[in-house]
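So this block is entry_12.cif, mmCIF, C-alpha atoms:
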data_protein
loop_
_atom_site.label_atom_id
_atom_site.label_comp_id
_atom_site.auth_asym_id
_atom_site.auth_seq_id
_atom_site.Cartn_x
_atom_site.Cartn_y
_atom_site.Cartn_z
CA ALA A 1 -0.38 30.46 -12.88
CA ALA A 2 -1.40 26.97 -11.88
CA THR A 3 -5.04 26.40 -11.07
CA ALA A 4 -7.00 23.43 -9.83
CA ASP A 5 -9.62 21.72 -11.95
CA SER A 6 -8.13 22.91 -15.22
CA GLY A 7 -9.28 20.00 -17.29
CA ILE A 8 -6.92 17.50 -15.67
CA PRO A 9 -8.30 14.00 -16.26
CA ALA A 10 -9.84 12.12 -13.34
CA ALA A 11 -6.71 10.05 -12.81
CA GLY A 12 -4.02 12.56 -13.61
CA ALA A 13 -0.37 12.65 -12.68
CA GLU A 14 -1.21 14.03 -9.23
CA VAL A 15 -2.81 10.65 -8.52
CA ALA A 16 0.36 8.90 -9.64
CA PHE A 17 2.29 11.26 -7.38
CA GLN A 18 0.01 10.22 -4.48
CA PHE A 19 0.51 6.55 -5.22
CA LEU A 20 4.26 6.93 -5.54
CA HIS A 21 4.42 8.72 -2.20
CA SER A 22 2.26 6.04 -0.60
CA GLU A 23 4.49 3.32 -2.05
CA LEU A 24 7.59 5.11 -0.80
CA VAL A 25 6.21 5.23 2.74
CA SER A 26 5.28 1.54 2.57
CA PHE A 27 8.73 0.73 1.26
CA LEU A 28 10.50 2.53 4.13
CA LEU A 29 8.11 0.93 6.59
CA ARG A 30 8.91 -2.54 5.21
CA GLU A 31 12.62 -1.77 5.38
CA GLN A 32 12.22 -0.71 8.98
CA LEU A 33 10.25 -3.82 9.92
CA GLN A 34 12.84 -6.05 8.26
CA GLY A 35 15.69 -4.21 9.95
CA GLY A 36 14.00 -4.29 13.34
CA GLY A 37 13.22 -8.01 13.33
CA GLY A 38 9.48 -7.33 13.30
CA GLY A 39 9.35 -5.76 16.76
CA PRO A 40 8.28 -2.19 17.47
CA ALA A 41 10.56 0.35 15.83
CA THR A 42 13.02 2.10 18.09
CA VAL A 43 13.05 5.88 18.31
CA GLN A 44 16.32 5.91 16.36
CA GLN A 45 14.85 3.80 13.56
CA CYS A 46 11.81 6.04 13.36
CA ARG A 47 13.98 9.14 13.22
CA ALA A 48 16.13 7.66 10.47
CA GLN A 49 13.13 6.85 8.28
CA LEU A 50 11.47 10.19 8.96
CA SER A 51 14.65 11.96 8.05
CA LYS A 52 14.96 10.08 4.75
CA LEU A 53 11.39 10.96 3.79
CA GLU A 54 11.75 14.56 4.88
CA THR A 55 14.91 14.93 2.82
CA MET A 56 13.27 13.50 -0.28
CA GLY A 57 10.31 15.83 0.20
CA PHE A 58 12.67 18.75 0.61
CA GLN A 59 14.49 18.00 -2.65
CA VAL A 60 11.27 17.53 -4.59
CA GLY A 61 9.73 20.70 -3.10
CA GLN A 62 12.78 22.77 -4.00
CA ALA A 63 13.03 21.49 -7.55
CA TYR A 64 9.31 21.75 -8.16
CA VAL A 65 8.86 25.30 -6.89
CA GLU A 66 11.96 26.36 -8.82
CA LYS A 67 10.28 25.14 -12.00
CA MET A 68 6.89 26.62 -11.06
CA THR A 69 8.15 30.10 -10.27
CA LYS A 70 10.93 30.64 -12.75
CA ASP A 71 8.84 32.99 -14.89
CA LEU A 72 6.93 34.67 -12.08
CA PRO A 73 7.75 38.08 -10.64
CA ARG A 74 9.42 38.17 -7.22
CA PHE A 75 7.14 37.89 -4.20
CA ARG A 76 6.73 41.00 -2.06
CA ASP A 77 6.81 39.43 1.40
CA ASP A 78 6.48 36.26 3.50
CA LEU A 79 2.70 36.33 3.46
CA GLU A 80 2.62 36.48 -0.33
CA ILE A 81 4.92 33.45 -0.48
CA VAL A 82 2.79 31.46 1.95
CA LYS A 83 -0.35 32.39 0.02
CA PHE A 84 1.29 31.20 -3.20
CA LEU A 85 2.05 27.93 -1.41
CA CYS A 86 -1.56 27.57 -0.24
CA LYS A 87 -3.08 28.36 -3.61
CA ASP A 88 -0.99 27.70 -6.70
CA PHE A 89 1.51 25.21 -5.30
CA TRP A 90 -1.19 23.23 -3.49
CA ALA A 91 -3.57 23.29 -6.45
CA SER A 92 -1.00 22.09 -8.94
CA LEU A 93 0.20 19.22 -6.74
CA PHE A 94 -2.89 18.27 -4.77
CA LYS A 95 -5.68 19.46 -7.07
CA LYS A 96 -7.24 21.67 -4.40
CA GLN A 97 -6.26 24.70 -2.36
CA VAL A 98 -5.82 24.53 1.40
CA ASP A 99 -8.99 24.90 3.46
CA ASN A 100 -7.69 27.34 6.00
CA LEU A 101 -4.66 29.54 6.60
CA LYS A 102 -3.99 31.35 9.86
CA THR A 103 -1.06 33.44 10.95
CA ASN A 104 0.02 35.27 14.09
CA HIS A 105 1.79 37.80 11.85
CA GLN A 106 5.02 36.94 13.64
CA GLY A 107 6.29 34.21 11.41
CA VAL A 108 3.95 31.38 12.36
CA TYR A 109 1.51 30.06 9.77
CA VAL A 110 -1.00 27.27 10.28
CA ILE A 111 -2.38 25.52 7.22
CA ILE A 112 -5.32 23.16 7.38
CA ASP A 113 -6.21 20.76 4.61
CA GLU A 114 -9.37 18.78 5.36
CA LYS A 115 -8.63 16.18 2.71
CA PHE A 116 -4.92 16.14 2.05
CA SER A 117 -4.37 14.16 -1.10
CA LEU A 118 -1.10 12.50 -0.05
CA LEU A 119 -2.89 11.01 2.94
CA VAL A 120 -5.88 9.69 1.04
CA PRO A 121 -4.22 6.41 0.01
CA MET A 122 -2.92 6.02 3.58
CA ALA A 123 -6.38 6.23 5.08
CA ARG A 124 -6.92 2.63 3.98
CA GLY A 125 -4.03 0.92 5.70
CA LYS A 126 -3.70 3.24 8.62
CA GLN A 127 -3.21 0.55 11.25
CA TYR A 128 0.29 0.07 9.88
CA LEU A 129 1.06 3.70 9.45
CA ASP A 130 0.22 5.20 12.80
CA ARG A 131 3.69 4.63 14.07
CA CYS A 132 6.29 7.29 13.53
CA HIS A 133 4.02 9.65 11.58
CA LEU A 134 5.81 8.39 8.52
CA TYR A 135 3.05 9.75 6.32
CA THR A 136 3.60 13.41 7.11
CA ALA A 137 7.39 13.55 6.88
CA PHE A 138 7.52 13.82 3.10
CA PRO A 139 4.89 16.60 2.84
CA CYS A 140 6.62 18.56 5.63
CA GLY A 141 9.85 18.32 3.65
CA LEU A 142 8.01 19.29 0.48
CA ILE A 143 6.73 22.49 2.10
CA ARG A 144 10.08 23.26 3.68
CA GLY A 145 11.85 22.76 0.35
CA ALA A 146 9.37 25.01 -1.45
CA LEU A 147 9.80 27.77 1.13
CA THR A 148 13.58 27.44 1.10
CA ASN A 149 13.67 27.85 -2.64
CA LEU A 150 11.61 31.03 -2.23
CA GLY A 151 14.07 32.38 0.32
CA LEU A 152 12.35 31.44 3.58
CA ARG A 153 13.99 29.18 6.13
CA ALA A 154 11.35 27.42 8.20
CA ILE A 155 10.56 24.59 10.58
CA VAL A 156 7.57 22.65 9.32
CA THR A 157 5.62 20.21 11.47
CA ALA A 158 2.36 18.37 10.96
CA GLU A 159 -0.44 17.04 13.11
CA VAL A 160 -2.96 14.47 11.97
CA GLU A 161 -5.90 13.88 14.27
CA GLU A 162 -7.97 12.00 11.76
CA LEU A 163 -6.91 10.95 8.27
CA PRO A 164 -6.95 12.59 5.75
CA ARG A 165 -7.24 15.89 7.66
CA VAL A 166 -3.89 17.50 8.38
CA LYS A 167 -2.65 20.63 10.09
CA PHE A 168 0.75 21.95 9.05
CA GLN A 169 2.56 24.48 11.17
CA ILE A 170 5.20 26.64 9.57
CA GLN A 171 7.54 28.52 11.85
CA LEU A 172 9.72 30.91 9.90
CA VAL A 173 13.29 31.02 11.11
CA GLN A 174 14.23 34.21 9.35
CA HIS A 175 11.79 36.94 8.43
CA SER A 176 12.26 38.67 5.14
CA THR A 177 9.95 41.50 6.31
CA ALA B 1 -10.32 9.53 -21.42
CA ALA B 2 -7.09 11.19 -20.42
CA THR B 3 -5.39 13.42 -22.94
CA ALA B 4 -2.14 15.30 -23.01
CA ASP B 5 -1.97 19.08 -23.07
CA SER B 6 -5.37 19.52 -21.47
CA GLY B 7 -4.64 22.83 -19.82
CA ILE B 8 -2.22 21.38 -17.28
CA PRO B 9 0.01 24.18 -16.01
CA ALA B 10 3.65 24.27 -17.12
CA ALA B 11 4.83 22.71 -13.86
CA GLY B 12 2.04 20.28 -13.17
CA ALA B 13 1.95 17.21 -11.00
CA GLU B 14 3.63 15.13 -13.71
CA VAL B 15 6.73 17.24 -13.10
CA ALA B 16 6.50 16.53 -9.37
CA PHE B 17 6.15 12.85 -10.27
CA GLN B 18 9.34 13.11 -12.35
CA PHE B 19 11.21 14.80 -9.53
CA LEU B 20 10.01 12.29 -6.98
CA HIS B 21 11.13 9.42 -9.19
CA SER B 22 14.49 11.08 -9.72
CA GLU B 23 14.88 11.61 -5.97
CA LEU B 24 13.96 7.99 -5.31
CA VAL B 25 16.66 6.77 -7.69
CA SER B 26 19.21 9.09 -6.09
CA PHE B 27 18.17 7.87 -2.67
CA LEU B 28 18.65 4.21 -3.56
CA LEU B 29 21.93 5.05 -5.22
CA ARG B 30 23.16 6.82 -2.07
CA GLU B 31 22.04 3.87 0.05
CA GLN B 32 23.95 1.54 -2.24
CA LEU B 33 27.10 3.65 -2.13
CA GLN B 34 26.95 3.84 1.65
CA GLY B 35 26.33 0.11 1.96
CA GLY B 36 29.10 -0.72 -0.49
CA GLY B 37 31.78 1.41 1.17
CA GLY B 38 32.05 3.65 -1.88
CA GLY B 39 33.45 1.01 -4.21
CA PRO B 40 31.74 -0.20 -7.36
CA ALA B 41 28.43 -1.88 -6.61
CA THR B 42 28.37 -5.65 -6.75
CA VAL B 43 25.95 -7.44 -9.06
CA GLN B 44 23.93 -8.50 -6.02
CA GLN B 45 23.66 -4.94 -4.75
CA CYS B 46 22.57 -3.73 -8.18
CA ARG B 47 19.96 -6.45 -8.40
CA ALA B 48 18.59 -5.62 -4.98
CA GLN B 49 18.16 -1.94 -5.79
CA LEU B 50 16.72 -2.67 -9.22
CA SER B 51 14.25 -5.03 -7.68
CA LYS B 52 13.12 -2.46 -5.10
CA LEU B 53 12.53 0.15 -7.79
CA GLU B 54 10.79 -2.30 -10.09
CA THR B 55 8.47 -3.36 -7.30
CA MET B 56 7.56 0.20 -6.45
CA GLY B 57 6.89 0.93 -10.11
CA PHE B 58 4.75 -2.19 -10.33
CA GLN B 59 2.60 -1.16 -7.36
CA VAL B 60 2.15 2.38 -8.65
CA GLY B 61 1.36 1.16 -12.18
CA GLN B 62 -1.27 -1.25 -10.91
CA ALA B 63 -2.98 1.25 -8.64
CA TYR B 64 -2.86 4.00 -11.22
CA VAL B 65 -4.28 2.03 -14.11
CA GLU B 66 -6.96 0.63 -11.83
CA LYS B 67 -8.07 4.17 -11.10
CA MET B 68 -7.76 5.26 -14.74
CA THR B 69 -9.79 2.46 -16.23
CA LYS B 70 -12.45 1.80 -13.64
CA ASP B 71 -15.16 3.50 -15.71
CA LEU B 72 -13.94 2.38 -19.13
CA PRO B 73 -15.39 -0.51 -21.12
CA ARG B 74 -13.35 -3.71 -21.26
CA PHE B 75 -10.57 -3.85 -23.84
CA ARG B 76 -11.08 -6.20 -26.78
CA ASP B 77 -7.58 -7.64 -27.10
CA ASP B 78 -3.89 -7.30 -26.23
CA LEU B 79 -3.25 -4.74 -28.94
CA GLU B 80 -6.00 -2.49 -27.66
CA ILE B 81 -4.51 -2.65 -24.18
CA VAL B 82 -1.02 -1.80 -25.42
CA LYS B 83 -2.42 1.07 -27.46
CA PHE B 84 -4.21 2.39 -24.38
CA LEU B 85 -0.87 2.24 -22.59
CA CYS B 86 0.90 4.12 -25.37
CA LYS B 87 -1.72 6.83 -25.66
CA ASP B 88 -3.88 7.55 -22.62
CA PHE B 89 -1.68 6.09 -19.91
CA TRP B 90 1.46 7.70 -21.32
CA ALA B 91 -0.22 11.06 -21.91
CA SER B 92 -1.66 11.31 -18.43
CA LEU B 93 1.61 10.42 -16.72
CA PHE B 94 4.23 11.75 -19.08
CA LYS B 95 2.34 14.51 -20.91
CA LYS B 96 3.02 13.00 -24.33
CA GLN B 97 2.25 9.83 -26.20
CA VAL B 98 4.95 7.36 -27.20
CA ASP B 99 6.75 8.11 -30.45
CA ASN B 100 6.66 4.65 -31.94
CA LEU B 101 5.01 1.31 -31.33
CA LYS B 102 5.97 -1.87 -33.15
CA THR B 103 4.76 -5.41 -32.72
CA ASN B 104 5.55 -8.80 -34.21
CA HIS B 105 1.90 -9.77 -33.62
CA GLN B 106 3.15 -12.65 -31.49
CA GLY B 107 3.15 -10.98 -28.11
CA VAL B 108 6.20 -8.75 -28.46
CA TYR B 109 5.73 -4.98 -28.44
CA VAL B 110 8.46 -2.38 -28.75
CA ILE B 111 7.73 1.13 -27.55
CA ILE B 112 10.01 4.05 -28.28
CA ASP B 113 9.84 7.35 -26.44
CA GLU B 114 12.32 9.89 -27.80
CA LYS B 115 12.07 12.09 -24.73
CA PHE B 116 10.91 9.98 -21.84
CA SER B 117 9.91 12.36 -19.08
CA LEU B 118 11.15 10.24 -16.17
CA LEU B 119 14.63 10.30 -17.68
CA VAL B 120 14.74 14.04 -18.31
CA PRO B 121 15.91 14.96 -14.80
CA MET B 122 18.46 12.11 -14.97
CA ALA B 123 20.03 13.47 -18.11
CA ARG B 124 21.81 16.07 -15.95
CA GLY B 125 23.63 13.79 -13.53
CA LYS B 126 24.06 10.84 -15.78
CA GLN B 127 27.64 10.09 -14.82
CA TYR B 128 26.31 8.75 -11.53
CA LEU B 129 23.42 6.91 -13.02
CA ASP B 130 24.97 4.82 -15.72
CA ARG B 131 25.61 1.98 -13.37
CA CYS B 132 22.91 -0.61 -12.87
CA HIS B 133 20.38 1.06 -15.15
CA LEU B 134 18.69 2.21 -11.99
CA TYR B 135 16.76 4.79 -13.95
CA THR B 136 14.73 2.39 -16.04
CA ALA B 137 13.73 -0.10 -13.35
CA PHE B 138 10.86 1.95 -12.01
CA PRO B 139 9.29 2.68 -15.42
CA CYS B 140 9.60 -1.00 -16.40
CA GLY B 141 7.74 -1.89 -13.22
CA LEU B 142 5.19 0.81 -13.92
CA ILE B 143 4.42 -0.68 -17.33
CA ARG B 144 4.37 -4.23 -16.01
CA GLY B 145 2.00 -3.19 -13.20
CA ALA B 146 -0.32 -1.42 -15.62
CA LEU B 147 -0.44 -4.46 -17.93
CA THR B 148 -0.96 -6.86 -15.04
CA ASN B 149 -3.93 -4.85 -13.82
CA LEU B 150 -5.39 -5.08 -17.32
CA GLY B 151 -4.97 -8.85 -17.34
CA LEU B 152 -1.68 -9.22 -19.22
CA ARG B 153 1.34 -10.87 -17.68
CA ALA B 154 4.51 -9.55 -19.27
CA ILE B 155 8.26 -9.23 -19.03
CA VAL B 156 9.25 -5.60 -19.55
CA THR B 157 12.81 -4.53 -20.28
CA ALA B 158 14.34 -1.22 -21.32
CA GLU B 159 17.29 -0.03 -23.33
CA VAL B 160 18.72 3.47 -23.17
CA GLU B 161 21.29 4.36 -25.77
CA GLU B 162 21.19 8.07 -25.18
CA LEU B 163 19.22 9.86 -22.47
CA PRO B 164 16.34 10.69 -22.53
CA ARG B 165 15.51 8.32 -25.44
CA VAL B 166 14.30 4.93 -24.28
CA LYS B 167 13.14 1.71 -25.90
CA PHE B 168 10.85 -0.54 -23.87
CA GLN B 169 10.30 -4.12 -24.89
CA ILE B 170 7.18 -5.88 -23.70
CA GLN B 171 7.09 -9.64 -24.01
CA LEU B 172 3.66 -10.98 -23.16
CA VAL B 173 3.78 -14.18 -21.14
CA GLN B 174 0.18 -15.14 -21.73
CA HIS B 175 -1.83 -14.15 -24.76
CA SER B 176 -5.46 -13.25 -24.24
CA THR B 177 -6.05 -13.58 -28.00
#

Please lay out the structure from this file as structure tokens.
Amino acid sequence: AATADSGIPAAGAEVAFQFLHSELVSFLLREQLQGGGGGPATVQQCRAQLSKLETMGFQVGQAYVEKMTKDLPRFRDDLEIVKFLCKDFWASLFKKQVDNLKTNHQGVYVIIDEKFSLLVPMARGKQYLDRCHLYTAFPCGLIRGALTNLGLRAIVTAEVEELPRVKFQIQLVQHST
Amino acid sequence: AATADSGIPAAGAEVAFQFLHSELVSFLLREQLQGGGGGPATVQQCRAQLSKLETMGFQVGQAYVEKMTKDLPRFRDDLEIVKFLCKDFWASLFKKQVDNLKTNHQGVYVIIDEKFSLLVPMARGKQYLDRCHLYTAFPCGLIRGALTNLGLRAIVTAEVEELPRVKFQIQLVQHST
């Protein structure tokens, strides 16, 4: 199984993954500003960009978890899947596990990461990124894609009060247990 | 220094980096097809998409190499920089070193990677990807960005005869030696 801190060099591929995500958000933001004539983005424009990012996250999450789990035994229940997400999946992509996981045992899971790696590069230029929550759309898609590949349909949302702390809420649409 | 095979789990972040790159190419390809009404892309459209990918690669390459090398001693000459690129940079991003490096000792370097990791996911859907060489624009930018950060201006081009084998040619614009 994947573990954090397993001899990965200081600037490993997870850093490149961070930078590529950051660049992707900047790119979509630039596109939006060009398209909108420099004025504030409309709700429709925001939604379109969010949706593009979420979709890309979804595809990457699906493909990645497929590769990660292909030799693992089947998970027993929803909780085991979410724990896998919080530990192995998180560690292999973000080099740390989540800081907190809560559940109401009725299909809602709340994940807190105090220093979410995909938001670290954003913390610098945050004046440009506040609009539209563009920086959480990709990770929400990533989580949703991972869960989908493991058989769980979910709605995933994120709240950022202060970068790089993030709270993800997972609402399962179908329970497997 | 970064090394390959340093206990990174089978599906590590470099795989997520691959998938994200692959998704980015697909995304730009979809955008192009939508914009072009489904017909063959015009040269201008191809150039625009290539340029977007190259720019993103450039930014990621710069930021990544900056982070990788910040605690390393200065390189002695161009060759040492290119060797660093072929070994440490390659290993940390692509989990292997390049297979061959040639130079004419006059500022031209040819790098061959027999199984270039960013092209591995492409090898599946290659019928859609042949056009425009969209799949090598990002890595060319990545290399150019890395070199620029290390003080070398270069023109980087790529040739793919058969996926996932790729030949990169680096033509230095300014010699430091």

**Report entry** Residues within 12 Å of region 143-155 of chain B, only C-alpha atoms, excluding chain neighbours under 5 positions, as a PyMOL selection string
**Finding:** (chain A and resi 16) or (chain B and resi 54-70+72-86+88-90+93+107-111+136-138+168-177)

Query raised in the report: Between B:Val120, B:Ala41, B:Cys140, B:Leu53, which has the minimum distance to Leu163 (chain B) (counting all atoms listed in the file)?
Result: B:Val120

Report task. Starting from the displayed file, determine the output of the PyMOL selection byres ((chain A and resi 14) around 8) and express the residue list as a PyMOL selection string. Result -> (chain A and resi 11-13+15-18+93-95) or (chain B and resi 13-14+17)

So for region 19-31 of chain A, what box centre and size do we get, axis-aligned, 4 Å extra on each of the six sides, every listed atom, Å to one decimal, as lines of an AutoDock Vina configuration file?
center_x = 6.6
center_y = 3.1
center_z = 0.5
size_x = 20.1
size_y = 19.3
size_z = 20.1

Take chain A, lay it over chain B with a least-squares fit on all the Cα atoms in order, then hand it over as a CSV table (one decimal) with C-alpha atoms, in the frame of the given file.
chain,number,residue,atom,x,y,z
A,1,ALA,CA,-10.3,9.6,-21.5
A,2,ALA,CA,-7.0,11.2,-20.5
A,3,THR,CA,-5.3,13.4,-23.1
A,4,ALA,CA,-2.1,15.3,-23.2
A,5,ASP,CA,-1.9,19.1,-23.2
A,6,SER,CA,-5.3,19.5,-21.6
A,7,GLY,CA,-4.6,22.8,-19.9
A,8,ILE,CA,-2.2,21.3,-17.4
A,9,PRO,CA,0.0,24.1,-16.0
A,10,ALA,CA,3.6,24.2,-17.1
A,11,ALA,CA,4.8,22.7,-13.9
A,12,GLY,CA,2.0,20.3,-13.1
A,13,ALA,CA,1.9,17.2,-11.0
A,14,GLU,CA,3.6,15.1,-13.7
A,15,VAL,CA,6.7,17.2,-13.1
A,16,ALA,CA,6.5,16.5,-9.4
A,17,PHE,CA,6.1,12.8,-10.2
A,18,GLN,CA,9.3,13.1,-12.3
A,19,PHE,CA,11.2,14.8,-9.5
A,20,LEU,CA,10.0,12.3,-7.0
A,21,HIS,CA,11.1,9.4,-9.2
A,22,SER,CA,14.5,11.1,-9.7
A,23,GLU,CA,14.9,11.6,-6.0
A,24,LEU,CA,14.0,8.0,-5.3
A,25,VAL,CA,16.7,6.8,-7.7
A,26,SER,CA,19.2,9.1,-6.1
A,27,PHE,CA,18.2,7.9,-2.7
A,28,LEU,CA,18.7,4.2,-3.6
A,29,LEU,CA,21.9,5.0,-5.2
A,30,ARG,CA,23.2,6.8,-2.1
A,31,GLU,CA,22.1,3.9,0.0
A,32,GLN,CA,24.0,1.5,-2.2
A,33,LEU,CA,27.1,3.7,-2.1
A,34,GLN,CA,27.0,3.9,1.7
A,35,GLY,CA,26.4,0.1,2.0
A,36,GLY,CA,29.1,-0.7,-0.5
A,37,GLY,CA,31.8,1.4,1.2
A,38,GLY,CA,32.0,3.7,-1.9
A,39,GLY,CA,33.5,1.0,-4.2
A,40,PRO,CA,31.7,-0.2,-7.3
A,41,ALA,CA,28.4,-1.9,-6.6
A,42,THR,CA,28.4,-5.6,-6.8
A,43,VAL,CA,26.0,-7.4,-9.1
A,44,GLN,CA,23.9,-8.5,-6.0
A,45,GLN,CA,23.7,-4.9,-4.8
A,46,CYS,CA,22.6,-3.7,-8.2
A,47,ARG,CA,20.0,-6.4,-8.4
A,48,ALA,CA,18.6,-5.6,-5.0
A,49,GLN,CA,18.2,-1.9,-5.8
A,50,LEU,CA,16.7,-2.7,-9.2
A,51,SER,CA,14.3,-5.0,-7.7
A,52,LYS,CA,13.1,-2.5,-5.1
A,53,LEU,CA,12.5,0.1,-7.8
A,54,GLU,CA,10.8,-2.3,-10.1
A,55,THR,CA,8.5,-3.4,-7.3
A,56,MET,CA,7.6,0.2,-6.4
A,57,GLY,CA,6.9,0.9,-10.1
A,58,PHE,CA,4.7,-2.2,-10.3
A,59,GLN,CA,2.6,-1.2,-7.4
A,60,VAL,CA,2.2,2.4,-8.6
A,61,GLY,CA,1.4,1.2,-12.2
A,62,GLN,CA,-1.3,-1.3,-10.9
A,63,ALA,CA,-3.0,1.2,-8.6
A,64,TYR,CA,-2.9,4.0,-11.2
A,65,VAL,CA,-4.3,2.0,-14.1
A,66,GLU,CA,-7.0,0.6,-11.8
A,67,LYS,CA,-8.1,4.2,-11.1
A,68,MET,CA,-7.8,5.3,-14.7
A,69,THR,CA,-9.8,2.4,-16.2
A,70,LYS,CA,-12.5,1.8,-13.6
A,71,ASP,CA,-15.2,3.5,-15.7
A,72,LEU,CA,-14.0,2.4,-19.1
A,73,PRO,CA,-15.4,-0.5,-21.1
A,74,ARG,CA,-13.4,-3.7,-21.2
A,75,PHE,CA,-10.6,-3.9,-23.8
A,76,ARG,CA,-11.1,-6.2,-26.8
A,77,ASP,CA,-7.6,-7.6,-27.1
A,78,ASP,CA,-3.9,-7.3,-26.2
A,79,LEU,CA,-3.2,-4.7,-28.9
A,80,GLU,CA,-6.0,-2.5,-27.7
A,81,ILE,CA,-4.5,-2.6,-24.2
A,82,VAL,CA,-1.0,-1.8,-25.4
A,83,LYS,CA,-2.4,1.1,-27.5
A,84,PHE,CA,-4.2,2.4,-24.4
A,85,LEU,CA,-0.9,2.2,-22.6
A,86,CYS,CA,0.9,4.1,-25.4
A,87,LYS,CA,-1.7,6.8,-25.6
A,88,ASP,CA,-3.9,7.5,-22.6
A,89,PHE,CA,-1.7,6.1,-19.9
A,90,TRP,CA,1.5,7.7,-21.3
A,91,ALA,CA,-0.2,11.0,-21.9
A,92,SER,CA,-1.7,11.3,-18.4
A,93,LEU,CA,1.6,10.4,-16.7
A,94,PHE,CA,4.2,11.8,-19.1
A,95,LYS,CA,2.3,14.5,-20.9
A,96,LYS,CA,3.0,13.0,-24.3
A,97,GLN,CA,2.2,9.8,-26.2
A,98,VAL,CA,4.9,7.4,-27.2
A,99,ASP,CA,6.7,8.1,-30.4
A,100,ASN,CA,6.6,4.7,-31.9
A,101,LEU,CA,5.0,1.3,-31.3
A,102,LYS,CA,6.0,-1.9,-33.1
A,103,THR,CA,4.8,-5.4,-32.7
A,104,ASN,CA,5.5,-8.8,-34.2
A,105,HIS,CA,1.9,-9.7,-33.6
A,106,GLN,CA,3.1,-12.6,-31.5
A,107,GLY,CA,3.2,-11.0,-28.1
A,108,VAL,CA,6.2,-8.7,-28.5
A,109,TYR,CA,5.7,-5.0,-28.4
A,110,VAL,CA,8.5,-2.4,-28.8
A,111,ILE,CA,7.7,1.1,-27.5
A,112,ILE,CA,10.0,4.1,-28.3
A,113,ASP,CA,9.8,7.3,-26.4
A,114,GLU,CA,12.3,9.9,-27.8
A,115,LYS,CA,12.1,12.1,-24.7
A,116,PHE,CA,10.9,10.0,-21.8
A,117,SER,CA,9.9,12.4,-19.1
A,118,LEU,CA,11.1,10.2,-16.1
A,119,LEU,CA,14.6,10.3,-17.7
A,120,VAL,CA,14.7,14.0,-18.3
A,121,PRO,CA,15.9,14.9,-14.8
A,122,MET,CA,18.5,12.1,-15.0
A,123,ALA,CA,20.1,13.5,-18.1
A,124,ARG,CA,21.8,16.0,-15.9
A,125,GLY,CA,23.6,13.8,-13.5
A,126,LYS,CA,24.1,10.8,-15.7
A,127,GLN,CA,27.7,10.1,-14.8
A,128,TYR,CA,26.4,8.7,-11.5
A,129,LEU,CA,23.4,6.9,-13.0
A,130,ASP,CA,25.0,4.8,-15.7
A,131,ARG,CA,25.6,2.0,-13.4
A,132,CYS,CA,22.9,-0.6,-12.9
A,133,HIS,CA,20.4,1.1,-15.2
A,134,LEU,CA,18.7,2.2,-12.0
A,135,TYR,CA,16.7,4.8,-14.0
A,136,THR,CA,14.7,2.4,-16.0
A,137,ALA,CA,13.7,-0.1,-13.4
A,138,PHE,CA,10.8,1.9,-12.0
A,139,PRO,CA,9.3,2.7,-15.4
A,140,CYS,CA,9.6,-1.0,-16.4
A,141,GLY,CA,7.7,-1.9,-13.2
A,142,LEU,CA,5.2,0.8,-13.9
A,143,ILE,CA,4.4,-0.7,-17.3
A,144,ARG,CA,4.4,-4.2,-16.0
A,145,GLY,CA,2.0,-3.2,-13.2
A,146,ALA,CA,-0.3,-1.4,-15.6
A,147,LEU,CA,-0.4,-4.5,-17.9
A,148,THR,CA,-1.0,-6.9,-15.0
A,149,ASN,CA,-3.9,-4.9,-13.8
A,150,LEU,CA,-5.4,-5.1,-17.3
A,151,GLY,CA,-5.0,-8.9,-17.3
A,152,LEU,CA,-1.7,-9.2,-19.2
A,153,ARG,CA,1.3,-10.9,-17.7
A,154,ALA,CA,4.5,-9.6,-19.3
A,155,ILE,CA,8.3,-9.2,-19.1
A,156,VAL,CA,9.3,-5.6,-19.6
A,157,THR,CA,12.8,-4.5,-20.3
A,158,ALA,CA,14.3,-1.2,-21.3
A,159,GLU,CA,17.3,0.0,-23.3
A,160,VAL,CA,18.7,3.5,-23.2
A,161,GLU,CA,21.3,4.4,-25.8
A,162,GLU,CA,21.2,8.1,-25.2
A,163,LEU,CA,19.2,9.9,-22.5
A,164,PRO,CA,16.3,10.7,-22.5
A,165,ARG,CA,15.5,8.3,-25.4
A,166,VAL,CA,14.3,4.9,-24.3
A,167,LYS,CA,13.1,1.7,-25.9
A,168,PHE,CA,10.9,-0.5,-23.9
A,169,GLN,CA,10.3,-4.1,-24.9
A,170,ILE,CA,7.2,-5.9,-23.7
A,171,GLN,CA,7.1,-9.6,-24.0
A,172,LEU,CA,3.7,-11.0,-23.2
A,173,VAL,CA,3.8,-14.2,-21.1
A,174,GLN,CA,0.2,-15.1,-21.7
A,175,HIS,CA,-1.9,-14.1,-24.7
A,176,SER,CA,-5.5,-13.2,-24.2
A,177,THR,CA,-6.1,-13.6,-27.9

Report task. Please indicate the distance in Å from CA of Pro164 (chain A) to CA of Glu114 (chain A), rounded to one decimal place. Result ->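 Atom-to-atom, CA of Pro164 (chain A) to CA of Glu114 (chain A), that is 6.7 Å.
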
Query raised in the report: Could you work out how far CA of Asp71 (chain A) lies from CA of Val25 (chain B), giving the answer in Å with one decimal?
Result: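 According to the coordinates, CA of Val25 (chain B) and CA of Asp71 (chain A) are separated by 28.3 Å.
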
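From CA of Ser51 (chain A) back to CA of Ser22 (chain A), the distance works out to 16.2 Å.
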
Query raised in the report: Looking at A:His21, A:Arg30, A:Arg47, A:Lys167, which one is nearest to Leu101 (chain A), with distances taken over all atoms listed in the file?
Result: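 Under the stated criterion, the closest residue is A:Lys167.
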
Query - Pick from A:Leu119, A:Asp113, A:Leu33, A:Pro139 nearest to chain B, counting all atoms listed in the file - result: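 Between A:Leu119, A:Asp113, A:Leu33, A:Pro139, the residue approaching chain B most closely is A:Pro139.
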